[in-house]
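Quick notes on the structure that follows.
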There are 2 protein chains.
Amino acid sequence: MKRPTQADVARLAGVSRVTVSHVVNNRTGGRVPISEETRQRVMDAVAKLDYVPDARAQALRSGNTKTIGLVIPDIHNPHFWEVVDGVEQEASAAGYHILLSSIPPENRLAEDIFKNLSNRRIDGLIMVPSFIYHSEEAQKTLANLLERRVPIVGVMAGLDGVDFNIDLVISDYREATLEVMQHLISLGHRRIGFIYGIAVPELGNDRLVAYRESLEAADLPIDPNLIVECGPTLEDSYHAARKLLELPSRPTALLAINDLLAVSVLRAIRDLGLNAPEDISVFGYDDIPIANYLVPRLSTASKDGRKMGRESMGLLLARLKEPDRPRQRVRLPARLILRESTGPAPD
Amino acid sequence: MKRPTQADVARLAGVSRVTVSHVVNNRTGGRVPISEETRQRVMDAVAKLDYVPDARAQALRSGNTKTIGLVIPDIHNPHFWEVVDGVEQEASAAGYHILLSSIPPENRLAEDIFKNLSNRRIDGLIMVPSFIYHSEEAQKTLANLLERRVPIVGVMAGLDGVDFNIDLVISDYREATLEVMQHLISLGHRRIGFIYGIAVPELGNDRLVAYRESLEAADLPIDPNLIVECGPTLEDSYHAARKLLELPSRPTALLAINDLLAVSVLRAIRDLGLNAPEDISVFGYDDIPIANYLVPRLSTASKDGRKMGRESMGLLLARLKEPDRPRQRVRLPARLILRESTGPAPD
DNA sequence: ATATTTTCTGCAAACGTTTTCAAGGTTTAA
DNA sequence: TTAAACCTTGAAAACGTTTGCAGAAAATAT
């Protein structure tokens with residue numbers, strides 16, 4: 001049961017393959033005029049045979065695959081799903097499909113992206129360029145891609161002085177962190193811990209730097225014991241939280257690098273017989289959907305991942321259409337959301 | 001800056017395009033023998049030029065795209081991300097890529113699948129065939145695909161008497177539901193509610209049916225007021241839970257159709273000044289990662305989404321290799337996990 | 001030395017499109 | 001009546017591979 005091809009349609013309609021192509025691609029309007037009668041005949045044949053153009057052939061001939069790659073760092077973090085969701089919305093509206101990769105084991109990644117793109121399996125790439133920091137090879141790959149003028153959009157949290165020379169959607173938590181720190185300090189908190197559980201340390205710099213600055217600005221000491229680095233899983237941050245909470249003089253507030261990890265921070269607090277926010281204030285980032293349904297409702301900062309996704313795809317589409325446009329940087333604001341998990345410091 | 005093609009390599013190595021193809025594809029072993037010396041020369045040229053075969057051309061010529069489609073019903077449910085993760089692992093190990101779609105607005109889906117596959121943009125499809133139930137058109141599309149012998153794997157929760165005649169990974173919560181109901185009843189619960197918040201009602205039948213059977217088996221009445229249907233979002237189930245909890249004689253235990261929704265059930269309980277499990281027992285499904293970190297830790301049933309994903313991709317690969325093998329059905333067990341959110345009924 | 005096998009390599013066709021350009025036909029203008 | 005203009009269609013090349021088959025060269029057997 002072979003699928004019908006352009007030639008079959010042409011035969012049935014009594015025209016040439018070319019004409020079929022023109023009709024199917026609606027060339028009929030401006031450039032290549034086709035008589036209404038022929039058009040109708042071709043359309044009928046198409047309908048009758050259930051003809052659908054072969055994407056493989058189209059891709060080969062026209063050069064683009066109508067597919068874009070999407071690389072996210074952690075498939076388990078709801079925030080990135082929002083991003084994926086946004087990208088998907090915008091992409092499918094424009095007739096593009098998404099080739100999804102969550103971040104693979106360190107070493108495989110650069111090679112993978114390279115293969116994907118060089119093979120021309122995708123027309124463009126949206127990624128959180130976290131891994132770039134670490135891998136020299138990845139940087140070379142990126143340079144390579146840029147040289148080949150492959151459209152790339154980065155979704156980043158601040159610039160860190162590094163500029164990859166690609167279109168960017170930037171949304172950092174610097175301001176939000178400054179705000180929440182000031183808020184906490186004004187509520188009497190003096191020892192504020194930071195759970196830095198993140199696969200790629202650089203990704204959280206916006207928060208970490210602002211955290212330090214806030215302490216300094218308030219003339220509070222920066223205690224290295226209050227900053228604990230750990231992995232990106234719930235279990236990791238659970239242990240990190242316990243470690244902090246069992247400190248001789250334990251902090252009265254805890255910032256978690258994201259809402260997901262804040263969940264297990266809340267759990268750790270309960271497991272030690274403490275309560276949030278009475279004994280400890282907890283703050284997360286991303287405003288993932290469940291944040292507002294936790295007990296206590298989680299104070300957080302919101303990035304609107306879906307919008308970031310949509311925005312990214314927008315940039316990509318624009319560059320696809322107009323490869324020479326100047327580099328763009330879209331900055332999306334983050335919003336501080338104070339709910340129940342933050343409160344005055346205990347006496 | 002054009003990419004190097006097979007011809008360029010051939011030119012540089014001083015051989016024909018064909019020879020390049022043979023070398024690159026390792027035909028050198030059995031069928032087509034190539035002298036070691038030529039092989040080396042070609043390899044050098046490949047390395048020097050950074051040659052990578054063009055996937056578009058390969059796809060056109062050889063007929064397969066090394067890409068599979070993956071359709072999941074709800075991008076916001078962590079359970080499905082586990083599935084995605086599993087599929088991805090197995091797929092990328094086998095050199096396949098994933099084209100992801102979360103379920104699009106009803107009507108678009110059938111058409112989408114059709115387009116994708118007919119276009120030959122993908123070699124096979126893994127899907128949760130939920131939507132099939134609803135759309136007659138989708139069923140026709142499916143029949144069509146089967147006729148064309150396109151490999152499809154369904155990930156289902158039980159059969160419901162419907163057999164789509166495709167390979168299946170089945171994992172239902174029937175047993176687990178029977179068990180937990182018996183457990184709850186033995187703990188003295190008499191009024192047990194069910195929050196049925198699900199985009200595609202049929203997807204939850206395994207649970208709903210077992211719930212009813214359990215009540216009957218225990219000679220308990222089936223009170224329609226205790227079964228509330230709602231949408232798949234946290235907000236939906238929050239309202240559903242409140243509705244149940246504000247009933248004149250409120251239930252002492254609540255089953256939520258999945259862990260995600262159980263989160264907002266817990267929240268609703270607190271908002272009414274009640275406690276789980278002292279006043280109300282709560283039970284979810286899927287054992288999503290955060291389930292074990294909620295307050296209270298959530299009792300649930302586990303499906304191991306990642307394994308389901310791996311298994312699905314395994315079936316697909318097998319059929320890709322051997323299209324005529326008999327239909328397969330892999331049944332994965334679900335495990336009951338009792339944690340803190342379930343306990344004895346209040347007096 | 002010729003015939004036969006073995007070893008290696010390349011010709012040519014095919015996959016299903018899109019796109020450029022020219023040819024055939026018809027109408028309008030001179 | 002013929003030239004110019006226009007409308008409509010098709011021929012052919014190209015995209016970059018893979019693959020069946022045959023041909024050339026070298027090695028072995030007669």
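By convention here, the chains of the structure tokens are called A, B, ... in the order presented, each chain's residues are numbered starting at 1, and ligands are numbered starting at 1 in the order presented.
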Tell me which protein, DNA and RNA residues are within 10 Å of D:DA25, counting only C-alpha atoms (C1' of nucleotides), leaving out same-chain ones fewer than 5 positions away, and put them as a PyMOL selection string. chain C and resi 7-9
Backbone DSSP call of strand (DSSP E) for stretch 254-306 of chain A, listed as number ranges by chain: A: 254-256, 281-283, 300-302
What are the residues of chain A lining chain D at 8 Å or less? Count only C-alpha atoms (C1' of nucleotides), and put the answer as a ChimeraX atom specification. /A:16,18-19,33-35,60-63
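Distances to A:Val263 were evaluated for B:Gly231, B:Pro346, B:Gly284, B:Pro296 using only C-alpha atoms, and the minimum falls at B:Pro296.
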Run DSSP on the backbone and give me the residues of stretch 134-288 of chain B it puts in helix (DSSP H, G or I), as an MDAnalysis selection string. chainID B and resid 136:147 174:186 201:217 224:226 234:245 259:271
Would you kindly report the residues of chain B within 8 Å of chain A, using only C-alpha atoms, as number ranges by chain? B: 1-2, 52-57, 59-60, 65, 75-76, 78, 81, 85, 88, 97-101, 115, 118-121, 147-148, 234, 263-264, 266-267, 270, 289-290, 293-295
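Selected on chain C by distance to chain A: DC15, DG16, DT17 and DT18 of chain C (within 8 Å, counting only C-alpha atoms (C1' of nucleotides)).
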How about saving the chosen residues, N, CA and C atoms (P, O5', C5', C4', C3', O3' and C1' of nucleotides) kept, as a PDB file, in the first residue's frame?
ATOM      1  P    DC C  15      11.452   5.453  -7.349  1.00  0.00           P
ATOM      2  O5'  DC C  15      11.364   6.062  -5.900  1.00  0.00           O
ATOM      3  C5'  DC C  15      12.074   5.560  -4.784  1.00  0.00           C
ATOM      4  C4'  DC C  15      12.303   6.685  -3.827  1.00  0.00           C
ATOM      5  C3'  DC C  15      11.361   7.866  -4.019  1.00  0.00           C
ATOM      6  O3'  DC C  15      10.256   7.703  -3.137  1.00  0.00           O
ATOM      7  C1'  DC C  15      13.628   8.563  -3.619  1.00  0.00           C
ATOM      8  P    DG C  16       8.760   7.836  -3.713  1.00  0.00           P
ATOM      9  O5'  DG C  16       8.536   9.415  -3.709  1.00  0.00           O
ATOM     10  C5'  DG C  16       8.477  10.080  -2.456  1.00  0.00           C
ATOM     11  C4'  DG C  16       8.563  11.566  -2.691  1.00  0.00           C
ATOM     12  C3'  DG C  16       7.476  12.132  -3.612  1.00  0.00           C
ATOM     13  O3'  DG C  16       6.887  13.218  -2.937  1.00  0.00           O
ATOM     14  C1'  DG C  16       9.610  12.884  -4.271  1.00  0.00           C
ATOM     15  P    DT C  17       5.626  13.944  -3.441  1.00  0.00           P
ATOM     16  O5'  DT C  17       5.958  15.433  -3.019  1.00  0.00           O
ATOM     17  C5'  DT C  17       6.506  16.319  -3.970  1.00  0.00           C
ATOM     18  C4'  DT C  17       7.688  17.018  -3.386  1.00  0.00           C
ATOM     19  C3'  DT C  17       7.803  18.449  -3.873  1.00  0.00           C
ATOM     20  O3'  DT C  17       7.395  19.305  -2.821  1.00  0.00           O
ATOM     21  C1'  DT C  17       9.848  17.248  -4.244  1.00  0.00           C
ATOM     22  P    DT C  18       6.839  20.736  -3.214  1.00  0.00           P
ATOM     23  O5'  DT C  18       8.153  21.472  -3.761  1.00  0.00           O
ATOM     24  C5'  DT C  18       9.143  21.888  -2.851  1.00  0.00           C
ATOM     25  C4'  DT C  18      10.230  22.630  -3.598  1.00  0.00           C
ATOM     26  C3'  DT C  18       9.791  23.952  -4.230  1.00  0.00           C
ATOM     27  O3'  DT C  18      10.854  24.869  -4.006  1.00  0.00           O
ATOM     28  C1'  DT C  18      10.722  22.554  -5.887  1.00  0.00           C
TER      29       DT C  18
END
Within 10 Å of stretch 222-225 of chain A using only C-alpha atoms (C1' of nucleotides), minus same-chain residues under 4 positions, as a PyMOL selection string: chain A and resi 191-194+211-216+243-244+247
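Taking atom CA of A:Val200 and atom CA of A:Met156 as endpoints, the distance between them is 12.3 Å.
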Near A:Pro323, within 12 Å and counting only C-alpha atoms (C1' of nucleotides), which residues show up once chain neighbours fewer than 2 positions away are dropped, as a compact mmCIF listing (two decimals) with C-alpha atoms, in the first residue's frame?
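Done, and the output landed in result-v6.txt:
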# COMPACT_ATOMS: atom_id res chain seq x y z
CA GLY A 124 16.73 26.14 14.41
CA LEU A 146 26.78 30.40 14.25
CA ARG A 148 26.71 28.29 9.46
CA ARG A 149 24.10 30.84 10.35
CA VAL A 150 21.83 28.42 12.11
CA PRO A 151 19.24 30.38 14.05
CA ILE A 152 19.62 29.89 17.76
CA ILE A 166 22.67 34.82 19.75
CA ASP A 167 19.13 36.00 20.21
CA LEU A 315 12.44 35.29 18.08
CA LEU A 316 13.36 32.14 16.25
CA LEU A 317 10.60 32.54 13.71
CA ALA A 318 11.58 36.13 13.12
CA ARG A 319 15.17 35.20 12.47
CA LEU A 320 14.14 32.34 10.25
CA LYS A 321 12.27 34.84 8.17
CA ARG A 325 18.16 41.20 11.49
CA PRO A 326 20.14 42.57 14.38
CA ARG A 327 20.53 40.43 17.47
CA GLN A 328 17.59 40.69 19.79
List as a PyMOL selection string the protein and nucleic acid residues near A:Val128, meaning an atom at most 10 Å away when only C-alpha atoms (C1' of nucleotides) are counted, but skip any in the same chain fewer than 5 places from it. chain A and resi 70-73+80+103+153-157+168-169+203
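If you look at atom CA of A:Ala91 and atom CA of A:Asp206, they are 29.0 Å away from each other.
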